[in-house]
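Asker: For reference, this is target_30.pdb, and it has PDB, C-alpha atoms, pLDDT in the B column.
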ATOM      1  CA  MET A   9      -0.376  -0.419   0.740  1.00 86.00           C
ATOM      2  CA  LEU A  10       2.390   1.888   1.920  1.00 87.00           C
ATOM      3  CA  LEU A  11       1.604   1.187   5.577  1.00 83.00           C
ATOM      4  CA  ASP A  12       1.539  -2.607   5.156  1.00 83.00           C
ATOM      5  CA  GLN A  13       4.996  -3.087   6.633  1.00 80.00           C
ATOM      6  CA  GLN A  14       5.854  -4.840   9.900  1.00 81.00           C
ATOM      7  CA  PHE A  15       2.345  -4.129  11.105  1.00 79.00           C
ATOM      8  CA  PRO A  16      -0.877  -6.189  11.320  1.00 80.00           C
ATOM      9  CA  ILE A  17      -2.714  -6.107   7.987  1.00 79.00           C
ATOM     10  CA  GLU A  18      -6.024  -4.925   9.373  1.00 80.00           C
ATOM     11  CA  ARG A  19      -4.369  -2.030  11.226  1.00 85.00           C
ATOM     12  CA  ALA A  20      -2.327  -1.033   8.167  1.00 83.00           C
ATOM     13  CA  PHE A  21      -5.446  -0.872   6.024  1.00 84.00           C
ATOM     14  CA  ILE A  22      -7.603   0.963   8.582  1.00 87.00           C
ATOM     15  CA  ALA A  23      -4.903   3.620   9.092  1.00 92.00           C
ATOM     16  CA  PRO A  24      -5.905   5.681   6.016  1.00 93.00           C
ATOM     17  CA  PHE A  25      -9.459   5.890   7.366  1.00 94.00           C
ATOM     18  CA  ARG A  26      -8.125   7.020  10.737  1.00 94.00           C
ATOM     19  CA  LEU A  27      -5.869   9.522   8.990  1.00 95.00           C
ATOM     20  CA  GLN A  28      -8.915  10.895   7.179  1.00 95.00           C
ATOM     21  CA  GLN A  29     -10.770  11.209  10.482  1.00 95.00           C
ATOM     22  CA  ARG A  30      -7.872  13.096  12.026  1.00 96.00           C
ATOM     23  CA  LEU A  31      -7.635  15.428   9.042  1.00 95.00           C
ATOM     24  CA  LYS A  32     -11.409  16.006   9.264  1.00 95.00           C
ATOM     25  CA  GLN A  33     -11.713  15.980   5.465  1.00 92.00           C
ATOM     26  CA  THR A  34     -11.536  13.588   2.557  1.00 92.00           C
ATOM     27  CA  LEU A  35      -8.215  11.876   2.059  1.00 93.00           C
ATOM     28  CA  GLU A  36      -6.444  13.607  -0.821  1.00 96.00           C
ATOM     29  CA  ALA A  37      -2.777  13.436  -1.798  1.00 97.00           C
ATOM     30  CA  LYS A  38      -2.707  17.195  -2.361  1.00 97.00           C
ATOM     31  CA  THR A  39      -4.017  17.845   1.152  1.00 96.00           C
ATOM     32  CA  ILE A  40      -1.397  15.634   2.766  1.00 96.00           C
ATOM     33  CA  ALA A  41       1.352  17.059   0.536  1.00 97.00           C
ATOM     34  CA  SER A  42       0.470  20.563   1.711  1.00 97.00           C
ATOM     35  CA  LEU A  43       1.016  19.659   5.371  1.00 96.00           C
ATOM     36  CA  SER A  44       4.338  20.150   7.121  1.00 95.00           C
ATOM     37  CA  SER A  45       6.418  17.181   8.223  1.00 91.00           C
ATOM     38  CA  ASP A  46       5.788  18.204  11.834  1.00 95.00           C
ATOM     39  CA  ALA A  47       2.021  18.200  11.287  1.00 96.00           C
ATOM     40  CA  MET A  48       2.190  14.717   9.741  1.00 96.00           C
ATOM     41  CA  LEU A  49       4.256  13.441  12.641  1.00 96.00           C
ATOM     42  CA  GLU A  50       1.746  14.861  15.111  1.00 96.00           C
ATOM     43  CA  ILE A  51      -1.146  13.203  13.263  1.00 96.00           C
ATOM     44  CA  PHE A  52       0.634   9.837  13.079  1.00 96.00           C
ATOM     45  CA  THR A  53       1.696   9.823  16.742  1.00 96.00           C
ATOM     46  CA  GLU A  54      -1.689  10.826  18.175  1.00 95.00           C
ATOM     47  CA  LYS A  55      -2.938   7.886  20.241  1.00 94.00           C
ATOM     48  CA  PRO A  56      -3.567   5.351  19.011  1.00 93.00           C
ATOM     49  CA  ALA A  57      -0.595   5.781  16.673  1.00 93.00           C
ATOM     50  CA  LEU A  58      -1.379   5.141  13.016  1.00 93.00           C
ATOM     51  CA  HIS A  59       1.551   2.757  12.701  1.00 93.00           C
ATOM     52  CA  ARG A  60       4.097   0.856  14.755  1.00 92.00           C
ATOM     53  CA  PHE A  61       6.737   3.241  13.350  1.00 92.00           C
ATOM     54  CA  PRO A  62       4.833   6.535  13.291  1.00 93.00           C
ATOM     55  CA  LYS A  63       7.775   8.822  12.496  1.00 96.00           C
ATOM     56  CA  SER A  64       9.083   6.927   9.479  1.00 95.00           C
ATOM     57  CA  MET A  65       5.594   6.178   8.178  1.00 94.00           C
ATOM     58  CA  ALA A  66       4.505   9.807   8.566  1.00 96.00           C
ATOM     59  CA  GLU A  67       7.572  10.798   6.519  1.00 96.00           C
ATOM     60  CA  ARG A  68       6.913   8.123   3.870  1.00 95.00           C
ATOM     61  CA  THR A  69       3.229   8.993   3.606  1.00 96.00           C
ATOM     62  CA  HIS A  70       4.054  12.670   3.190  1.00 97.00           C
ATOM     63  CA  ALA A  71       6.779  11.919   0.606  1.00 97.00           C
ATOM     64  CA  LEU A  72       4.420   9.649  -1.349  1.00 97.00           C
ATOM     65  CA  CYS A  73       1.688  12.286  -1.417  1.00 97.00           C
ATOM     66  CA  VAL A  74       4.161  14.990  -2.482  1.00 97.00           C
ATOM     67  CA  TYR A  75       5.336  12.711  -5.308  1.00 98.00           C
ATOM     68  CA  ILE A  76       1.793  11.849  -6.431  1.00 98.00           C
ATOM     69  CA  THR A  77       0.864  15.539  -6.341  1.00 98.00           C
ATOM     70  CA  LYS A  78       3.932  16.545  -8.357  1.00 98.00           C
ATOM     71  CA  TYR A  79       3.869  13.803 -10.994  1.00 97.00           C
ATOM     72  CA  TYR A  80       0.213  12.691 -11.103  1.00 97.00           C
ATOM     73  CA  ASP A  81      -1.657  15.885 -10.185  1.00 97.00           C
ATOM     74  CA  GLY A  82      -2.642  14.320  -6.866  1.00 97.00           C
ATOM     75  CA  ASN A  83      -4.525  11.417  -8.455  1.00 97.00           C
ATOM     76  CA  PRO A  84      -2.992   8.027  -7.554  1.00 95.00           C
ATOM     77  CA  GLY A  85      -5.221   6.234 -10.079  1.00 95.00           C
ATOM     78  CA  THR A  86      -3.312   7.987 -12.833  1.00 96.00           C
ATOM     79  CA  ILE A  87      -0.276   5.870 -11.941  1.00 97.00           C
ATOM     80  CA  TRP A  88      -1.857   2.808 -13.563  1.00 96.00           C
ATOM     81  CA  LYS A  89      -4.463   4.387 -15.812  1.00 94.00           C
ATOM     82  CA  GLY A  90      -4.008   3.369 -19.436  1.00 88.00           C
ATOM     83  CA  ILE A  91      -0.953   1.207 -18.730  1.00 90.00           C
ATOM     84  CA  SER A  92      -1.005  -1.929 -20.873  1.00 87.00           C
ATOM     85  CA  ASP A  93       2.528  -3.111 -20.123  1.00 93.00           C
ATOM     86  CA  ALA A  94       3.395  -4.520 -16.705  1.00 97.00           C
ATOM     87  CA  GLU A  95       7.045  -3.458 -16.974  1.00 97.00           C
ATOM     88  CA  ALA A  96       5.962   0.174 -17.453  1.00 96.00           C
ATOM     89  CA  LEU A  97       3.697  -0.076 -14.405  1.00 97.00           C
ATOM     90  CA  LYS A  98       6.463  -1.728 -12.385  1.00 97.00           C
ATOM     91  CA  SER A  99       8.767   1.156 -13.264  1.00 97.00           C
ATOM     92  CA  ARG A 100       6.171   3.723 -12.175  1.00 97.00           C
ATOM     93  CA  LEU A 101       5.527   1.884  -8.913  1.00 97.00           C
ATOM     94  CA  LEU A 102       9.233   1.547  -8.121  1.00 97.00           C
ATOM     95  CA  ASP A 103       9.560   5.308  -8.508  1.00 97.00           C
ATOM     96  CA  LEU A 104       7.072   5.829  -5.666  1.00 97.00           C
ATOM     97  CA  PRO A 105       8.616   6.703  -2.296  1.00 95.00           C
ATOM     98  CA  GLY A 106       8.349   3.738   0.056  1.00 92.00           C
ATOM     99  CA  PHE A 107       7.899   1.120  -2.690  1.00 94.00           C
ATOM    100  CA  GLY A 108      10.521  -1.566  -3.249  1.00 94.00           C
ATOM    101  CA  ASN A 109      10.433  -4.729  -5.330  1.00 95.00           C
ATOM    102  CA  LYS A 110       8.403  -6.858  -2.902  1.00 92.00           C
ATOM    103  CA  LYS A 111       5.791  -4.149  -2.321  1.00 93.00           C
ATOM    104  CA  VAL A 112       5.521  -3.669  -6.109  1.00 96.00           C
ATOM    105  CA  GLU A 113       5.026  -7.412  -6.633  1.00 95.00           C
ATOM    106  CA  ILE A 114       2.243  -7.494  -4.052  1.00 92.00           C
ATOM    107  CA  PHE A 115       0.664  -4.215  -5.147  1.00 93.00           C
ATOM    108  CA  MET A 116       0.548  -5.316  -8.774  1.00 95.00           C
ATOM    109  CA  ALA A 117      -1.251  -8.486  -7.628  1.00 93.00           C
ATOM    110  CA  VAL A 118      -3.695  -6.344  -5.618  1.00 91.00           C
ATOM    111  CA  LEU A 119      -4.397  -4.192  -8.669  1.00 94.00           C
ATOM    112  CA  ALA A 120      -4.945  -7.235 -10.891  1.00 94.00           C
ATOM    113  CA  LYS A 121      -6.880  -9.483  -8.493  1.00 92.00           C
ATOM    114  CA  ARG A 122      -8.989  -6.850  -6.726  1.00 90.00           C
ATOM    115  CA  PHE A 123      -9.349  -4.002  -9.216  1.00 92.00           C
ATOM    116  CA  GLY A 124      -9.017  -5.614 -12.650  1.00 93.00           C
ATOM    117  CA  VAL A 125      -5.897  -3.585 -13.501  1.00 95.00           C
ATOM    118  CA  ALA A 126      -3.966  -6.405 -15.156  1.00 95.00           C
ATOM    119  CA  PRO A 127      -1.467  -5.164 -17.735  1.00 96.00           C
ATOM    120  CA  GLU A 128       0.144  -7.815 -19.879  1.00 95.00           C
ATOM    121  CA  GLY A 129       2.858  -9.603 -17.920  1.00 96.00           C
ATOM    122  CA  TRP A 130       1.646  -8.722 -14.420  1.00 97.00           C
ATOM    123  CA  GLU A 131       1.796 -12.371 -13.363  1.00 96.00           C
ATOM    124  CA  LYS A 132       5.519 -12.586 -14.127  1.00 97.00           C
ATOM    125  CA  ILE A 133       6.258  -9.473 -12.080  1.00 96.00           C
ATOM    126  CA  SER A 134       4.009 -10.525  -9.192  1.00 95.00           C
ATOM    127  CA  GLY A 135       5.501 -14.030  -9.083  1.00 94.00           C
ATOM    128  CA  GLN A 136       3.993 -16.150  -6.298  1.00 92.00           C
ATOM    129  CA  TYR A 137       1.531 -13.347  -5.469  1.00 91.00           C
ATOM    130  CA  ALA A 138      -0.170 -13.927  -8.826  1.00 93.00           C
ATOM    131  CA  GLU A 139      -0.848 -17.580  -8.023  1.00 90.00           C
ATOM    132  CA  PRO A 140      -4.142 -18.804  -6.563  1.00 85.00           C
ATOM    133  CA  GLY A 141      -4.144 -19.301  -2.813  1.00 77.00           C
ATOM    134  CA  PHE A 142      -3.256 -17.132   0.138  1.00 73.00           C
ATOM    135  CA  HIS A 143       0.012 -15.287  -0.358  1.00 73.00           C
ATOM    136  CA  SER A 144      -0.619 -11.628   0.439  1.00 75.00           C
ATOM    137  CA  VAL A 145      -3.224  -8.909   0.915  1.00 75.00           C
ATOM    138  CA  ALA A 146      -4.121  -9.424  -2.752  1.00 72.00           C
ATOM    139  CA  ASP A 147      -5.835 -12.655  -1.731  1.00 76.00           C
ATOM    140  CA  LEU A 148      -7.845 -11.319   1.162  1.00 78.00           C
ATOM    141  CA  ASP A 149     -11.559 -10.812   0.791  1.00 80.00           C
ATOM    142  CA  SER A 150     -12.842 -11.832   4.210  1.00 80.00           C
ATOM    143  CA  PRO A 151     -11.808 -12.351   7.833  1.00 81.00           C
ATOM    144  CA  GLU A 152     -11.657 -16.085   7.082  1.00 84.00           C
ATOM    145  CA  ALA A 153      -9.159 -15.483   4.257  1.00 79.00           C
ATOM    146  CA  LEU A 154      -7.016 -13.425   6.646  1.00 79.00           C
ATOM    147  CA  ALA A 155      -7.100 -16.274   9.169  1.00 82.00           C
ATOM    148  CA  GLN A 156      -6.018 -18.725   6.451  1.00 82.00           C
ATOM    149  CA  LEU A 157      -3.153 -16.464   5.374  1.00 77.00           C
ATOM    150  CA  ARG A 158      -1.981 -16.118   8.979  1.00 79.00           C
ATOM    151  CA  ALA A 159      -2.157 -19.885   9.503  1.00 83.00           C
ATOM    152  CA  LEU A 160      -0.048 -20.491   6.385  1.00 78.00           C
ATOM    153  CA  ARG A 161       2.508 -17.898   7.487  1.00 76.00           C
ATOM    154  CA  ASP A 162       2.703 -19.415  10.985  1.00 79.00           C
ATOM    155  CA  LYS A 163       3.204 -22.869   9.507  1.00 81.00           C
ATOM    156  CA  SER A 164       5.940 -21.539   7.233  1.00 75.00           C
ATOM    157  CA  ARG A 165       7.729 -19.827  10.150  1.00 79.00           C
ATOM    158  CA  LYS A 166       7.614 -22.984  12.259  1.00 84.00           C
ATOM    159  CA  ALA A 167       9.023 -25.044   9.387  1.00 83.00           C
ATOM    160  CA  LYS A 168      12.142 -22.830   9.268  1.00 74.00           C
TER     161      LYS A 168
END
Could I get this structure in the form of structure tokens?
Answerer:
Amino acid sequence: MLLDQQFPIERAFIAPFRLQQRLKQTLEAKTIASLSSDAMLEIFTEKPALHRFPKSMAERTHALCVYITKYYDGNPGTIWKGISDAEALKSRLLDLPGFGNKKVEIFMAVLAKRFGVAPEGWEKISGQYAEPGFHSVADLDSPEALAQLRALRDKSRKAK
């Protein structure tokens, strides 16, 4: 979710797999946190680059993994485990490096719609992303759904 920023969705979501391939080991927050900033930059800029903005995304990825290692013992699932209140989850997500309000709204919808992590009040926090239809990555489950989302976004841009 961190890499889904000014970048095609499918490339943002394949980047962690490519990062894992480049690391030549399973993708773990503790592993990434232990790397130097220079090493992360080298990994992100190797062709093809893992993101349109490899330097800033390498820094954000490293910062996020350091944070998850420090506060959640390297286990990102602990961020939402046992949370029954959406406001508490929102607060935890906003504390994550690289996560602002919009990313939190979308990510909470992803957690609820795709993973069944739906603390009370998630719909209010997610706003339009909680609604049925095609609004974000939370609504994607096929290439056809991605095409529909892109068509809606194109139509919206042309209407402006």
Asker: Considering only C-alpha atoms, can you say which of A:Ala146, A:Leu119, A:Pro62, A:Val112 comes closest to A:Gly85?
Answerer: A:Leu119
Asker: Mind telling me what the PyMOL selection byres ((chain A and resi 24-38) around 6) catches here, as a compact mmCIF listing (two decimals) with C-alpha atoms, in the coordinates of the input?
Answerer:
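Writing the result to result.txt gives the following:
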# COMPACT_ATOMS: atom_id res chain seq x y z
CA ILE A 22 -7.60 0.96 8.58
CA ALA A 23 -4.90 3.62 9.09
CA THR A 39 -4.02 17.84 1.15
CA ILE A 40 -1.40 15.63 2.77
CA ALA A 41 1.35 17.06 0.54
CA CYS A 73 1.69 12.29 -1.42
CA THR A 77 0.86 15.54 -6.34
CA GLY A 82 -2.64 14.32 -6.87
Asker: With the PyMOL selection byres ((chain A and resi 44) around 12) as the selection, what would be picked from this file? Answer as a list of chain:residue names, please.
Answerer: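 Against this file, the PyMOL selection byres ((chain A and resi 44) around 12) returns the residues A:Thr39, A:Ile40, A:Ala41, A:Ser42, A:Leu43, A:Ser45, A:Asp46, A:Ala47, A:Met48, A:Leu49, A:Glu50, A:Ile51, A:Ala66, A:Glu67, A:Thr69, A:His70, A:Ala71, A:Cys73, A:Val74.
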Asker: For A:Phe115, please output as a PDB file with C-alpha atoms, keeping the file's coordinate frame all residues within 12 Å (counting only C-alpha atoms; exclusion window: fewer than 2 positions along the same chain).
Answerer:
ATOM      1  CA  MET A   9      -0.376  -0.419   0.740  1.00 86.00           C
ATOM      2  CA  LEU A  10       2.390   1.888   1.920  1.00 87.00           C
ATOM      3  CA  ASP A  12       1.539  -2.607   5.156  1.00 83.00           C
ATOM      4  CA  TRP A  88      -1.857   2.808 -13.563  1.00 96.00           C
ATOM      5  CA  ALA A  94       3.395  -4.520 -16.705  1.00 97.00           C
ATOM      6  CA  LEU A  97       3.697  -0.076 -14.405  1.00 97.00           C
ATOM      7  CA  LYS A  98       6.463  -1.728 -12.385  1.00 97.00           C
ATOM      8  CA  ARG A 100       6.171   3.723 -12.175  1.00 97.00           C
ATOM      9  CA  LEU A 101       5.527   1.884  -8.913  1.00 97.00           C
ATOM     10  CA  LEU A 102       9.233   1.547  -8.121  1.00 97.00           C
ATOM     11  CA  LEU A 104       7.072   5.829  -5.666  1.00 97.00           C
ATOM     12  CA  PHE A 107       7.899   1.120  -2.690  1.00 94.00           C
ATOM     13  CA  GLY A 108      10.521  -1.566  -3.249  1.00 94.00           C
ATOM     14  CA  ASN A 109      10.433  -4.729  -5.330  1.00 95.00           C
ATOM     15  CA  LYS A 110       8.403  -6.858  -2.902  1.00 92.00           C
ATOM     16  CA  LYS A 111       5.791  -4.149  -2.321  1.00 93.00           C
ATOM     17  CA  VAL A 112       5.521  -3.669  -6.109  1.00 96.00           C
ATOM     18  CA  GLU A 113       5.026  -7.412  -6.633  1.00 95.00           C
ATOM     19  CA  ALA A 117      -1.251  -8.486  -7.628  1.00 93.00           C
ATOM     20  CA  VAL A 118      -3.695  -6.344  -5.618  1.00 91.00           C
ATOM     21  CA  LEU A 119      -4.397  -4.192  -8.669  1.00 94.00           C
ATOM     22  CA  ALA A 120      -4.945  -7.235 -10.891  1.00 94.00           C
ATOM     23  CA  LYS A 121      -6.880  -9.483  -8.493  1.00 92.00           C
ATOM     24  CA  ARG A 122      -8.989  -6.850  -6.726  1.00 90.00           C
ATOM     25  CA  PHE A 123      -9.349  -4.002  -9.216  1.00 92.00           C
ATOM     26  CA  VAL A 125      -5.897  -3.585 -13.501  1.00 95.00           C
ATOM     27  CA  ALA A 126      -3.966  -6.405 -15.156  1.00 95.00           C
ATOM     28  CA  TRP A 130       1.646  -8.722 -14.420  1.00 97.00           C
ATOM     29  CA  GLU A 131       1.796 -12.371 -13.363  1.00 96.00           C
ATOM     30  CA  ILE A 133       6.258  -9.473 -12.080  1.00 96.00           C
ATOM     31  CA  SER A 134       4.009 -10.525  -9.192  1.00 95.00           C
ATOM     32  CA  GLY A 135       5.501 -14.030  -9.083  1.00 94.00           C
ATOM     33  CA  TYR A 137       1.531 -13.347  -5.469  1.00 91.00           C
ATOM     34  CA  ALA A 138      -0.170 -13.927  -8.826  1.00 93.00           C
ATOM     35  CA  SER A 144      -0.619 -11.628   0.439  1.00 75.00           C
ATOM     36  CA  VAL A 145      -3.224  -8.909   0.915  1.00 75.00           C
ATOM     37  CA  ALA A 146      -4.121  -9.424  -2.752  1.00 72.00           C
ATOM     38  CA  ASP A 147      -5.835 -12.655  -1.731  1.00 76.00           C
TER      39      ASP A 147
END
Asker: Work out how far atom CA of A:Leu11 is from atom CA of A:Ile76, in Å to one decimal.
Answerer: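 Computing the Euclidean distance for atom CA of A:Ile76 and atom CA of A:Leu11 yields 16.1 Å.
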Asker: So how far away is atom CA of A:Lys132 from atom CA of A:Asp81, in Å?
Answerer: 29.6 Å
Asker: Do a neighbour search on A:Gln156 at 10 Å with all atoms listed in the file, toss out local chain neighbours closer than 6 positions, and write the hits as a PyMOL selection string.
Answerer: chain A and resi 141-143+148+150+162
Asker: By how many Å are atom CA of A:Glu54 and atom CA of A:Arg19 apart?
Answerer: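 It comes out at 14.9 Å.
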Asker: Could you write stretch 74-103 of chain A as a tab-separated table (two decimals), keeping the file's coordinate frame, with N, CA and C atoms rebuilt where they are missing?
Answerer:
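Writing done, so here's rebuild-v7.tsv:
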chain	number	residue	atom	x	y	z
A	74	VAL	N	3.46	13.92	-1.75
A	74	VAL	CA	4.16	14.99	-2.48
A	74	VAL	C	4.48	14.50	-3.89
A	75	TYR	N	4.98	13.28	-4.01
A	75	TYR	CA	5.34	12.71	-5.31
A	75	TYR	C	4.10	12.58	-6.20
A	76	ILE	N	3.03	12.03	-5.66
A	76	ILE	CA	1.79	11.85	-6.43
A	76	ILE	C	1.23	13.20	-6.86
A	77	THR	N	1.34	14.19	-6.00
A	77	THR	CA	0.86	15.54	-6.34
A	77	THR	C	1.72	16.13	-7.47
A	78	LYS	N	3.01	15.97	-7.36
A	78	LYS	CA	3.93	16.55	-8.36
A	78	LYS	C	3.82	15.86	-9.72
A	79	TYR	N	3.79	14.53	-9.73
A	79	TYR	CA	3.87	13.80	-10.99
A	79	TYR	C	2.52	13.31	-11.54
A	80	TYR	N	1.51	13.23	-10.68
A	80	TYR	CA	0.21	12.69	-11.10
A	80	TYR	C	-0.94	13.61	-10.72
A	81	ASP	N	-0.66	14.87	-10.52
A	81	ASP	CA	-1.66	15.88	-10.18
A	81	ASP	C	-2.53	15.47	-8.99
A	82	GLY	N	-1.94	14.71	-8.07
A	82	GLY	CA	-2.64	14.32	-6.87
A	82	GLY	C	-3.58	13.13	-7.03
A	83	ASN	N	-3.60	12.52	-8.19
A	83	ASN	CA	-4.53	11.42	-8.46
A	83	ASN	C	-3.75	10.10	-8.56
A	84	PRO	N	-3.75	9.28	-7.50
A	84	PRO	CA	-2.99	8.03	-7.55
A	84	PRO	C	-3.46	7.07	-8.65
A	85	GLY	N	-4.72	7.11	-9.02
A	85	GLY	CA	-5.22	6.23	-10.08
A	85	GLY	C	-4.56	6.48	-11.42
A	86	THR	N	-4.00	7.66	-11.59
A	86	THR	CA	-3.31	7.99	-12.83
A	86	THR	C	-2.03	7.17	-12.99
A	87	ILE	N	-1.50	6.67	-11.89
A	87	ILE	CA	-0.28	5.87	-11.94
A	87	ILE	C	-0.47	4.66	-12.85
A	88	TRP	N	-1.62	4.02	-12.77
A	88	TRP	CA	-1.86	2.81	-13.56
A	88	TRP	C	-2.88	3.00	-14.68
A	89	LYS	N	-3.46	4.16	-14.77
A	89	LYS	CA	-4.46	4.39	-15.81
A	89	LYS	C	-3.83	4.30	-17.21
A	90	GLY	N	-4.44	3.49	-18.05
A	90	GLY	CA	-4.01	3.37	-19.44
A	90	GLY	C	-2.72	2.60	-19.64
A	91	ILE	N	-2.20	1.99	-18.60
A	91	ILE	CA	-0.95	1.21	-18.73
A	91	ILE	C	-1.31	-0.19	-19.23
A	92	SER	N	-0.72	-0.59	-20.34
A	92	SER	CA	-1.00	-1.93	-20.87
A	92	SER	C	0.19	-2.86	-20.72
A	93	ASP	N	1.31	-2.33	-20.27
A	93	ASP	CA	2.53	-3.11	-20.12
A	93	ASP	C	2.94	-3.16	-18.66
A	94	ALA	N	3.08	-4.36	-18.12
A	94	ALA	CA	3.40	-4.52	-16.70
A	94	ALA	C	4.77	-3.95	-16.35
A	95	GLU	N	5.71	-4.02	-17.24
A	95	GLU	CA	7.04	-3.46	-16.97
A	95	GLU	C	6.96	-1.94	-16.79
A	96	ALA	N	6.14	-1.27	-17.59
A	96	ALA	CA	5.96	0.17	-17.45
A	96	ALA	C	5.32	0.50	-16.10
A	97	LEU	N	4.34	-0.29	-15.70
A	97	LEU	CA	3.70	-0.08	-14.40
A	97	LEU	C	4.69	-0.35	-13.28
A	98	LYS	N	5.45	-1.41	-13.41
A	98	LYS	CA	6.46	-1.73	-12.38
A	98	LYS	C	7.41	-0.55	-12.22
A	99	SER	N	7.85	0.02	-13.31
A	99	SER	CA	8.77	1.16	-13.26
A	99	SER	C	8.14	2.35	-12.54
A	100	ARG	N	6.87	2.62	-12.85
A	100	ARG	CA	6.17	3.72	-12.18
A	100	ARG	C	6.04	3.46	-10.68
A	101	LEU	N	5.71	2.22	-10.32
A	101	LEU	CA	5.53	1.88	-8.91
A	101	LEU	C	6.85	1.94	-8.15
A	102	LEU	N	7.93	1.49	-8.78
A	102	LEU	CA	9.23	1.55	-8.12
A	102	LEU	C	9.71	2.98	-7.90
A	103	ASP	N	9.21	3.90	-8.69
A	103	ASP	CA	9.56	5.31	-8.51
A	103	ASP	C	8.87	5.92	-7.29
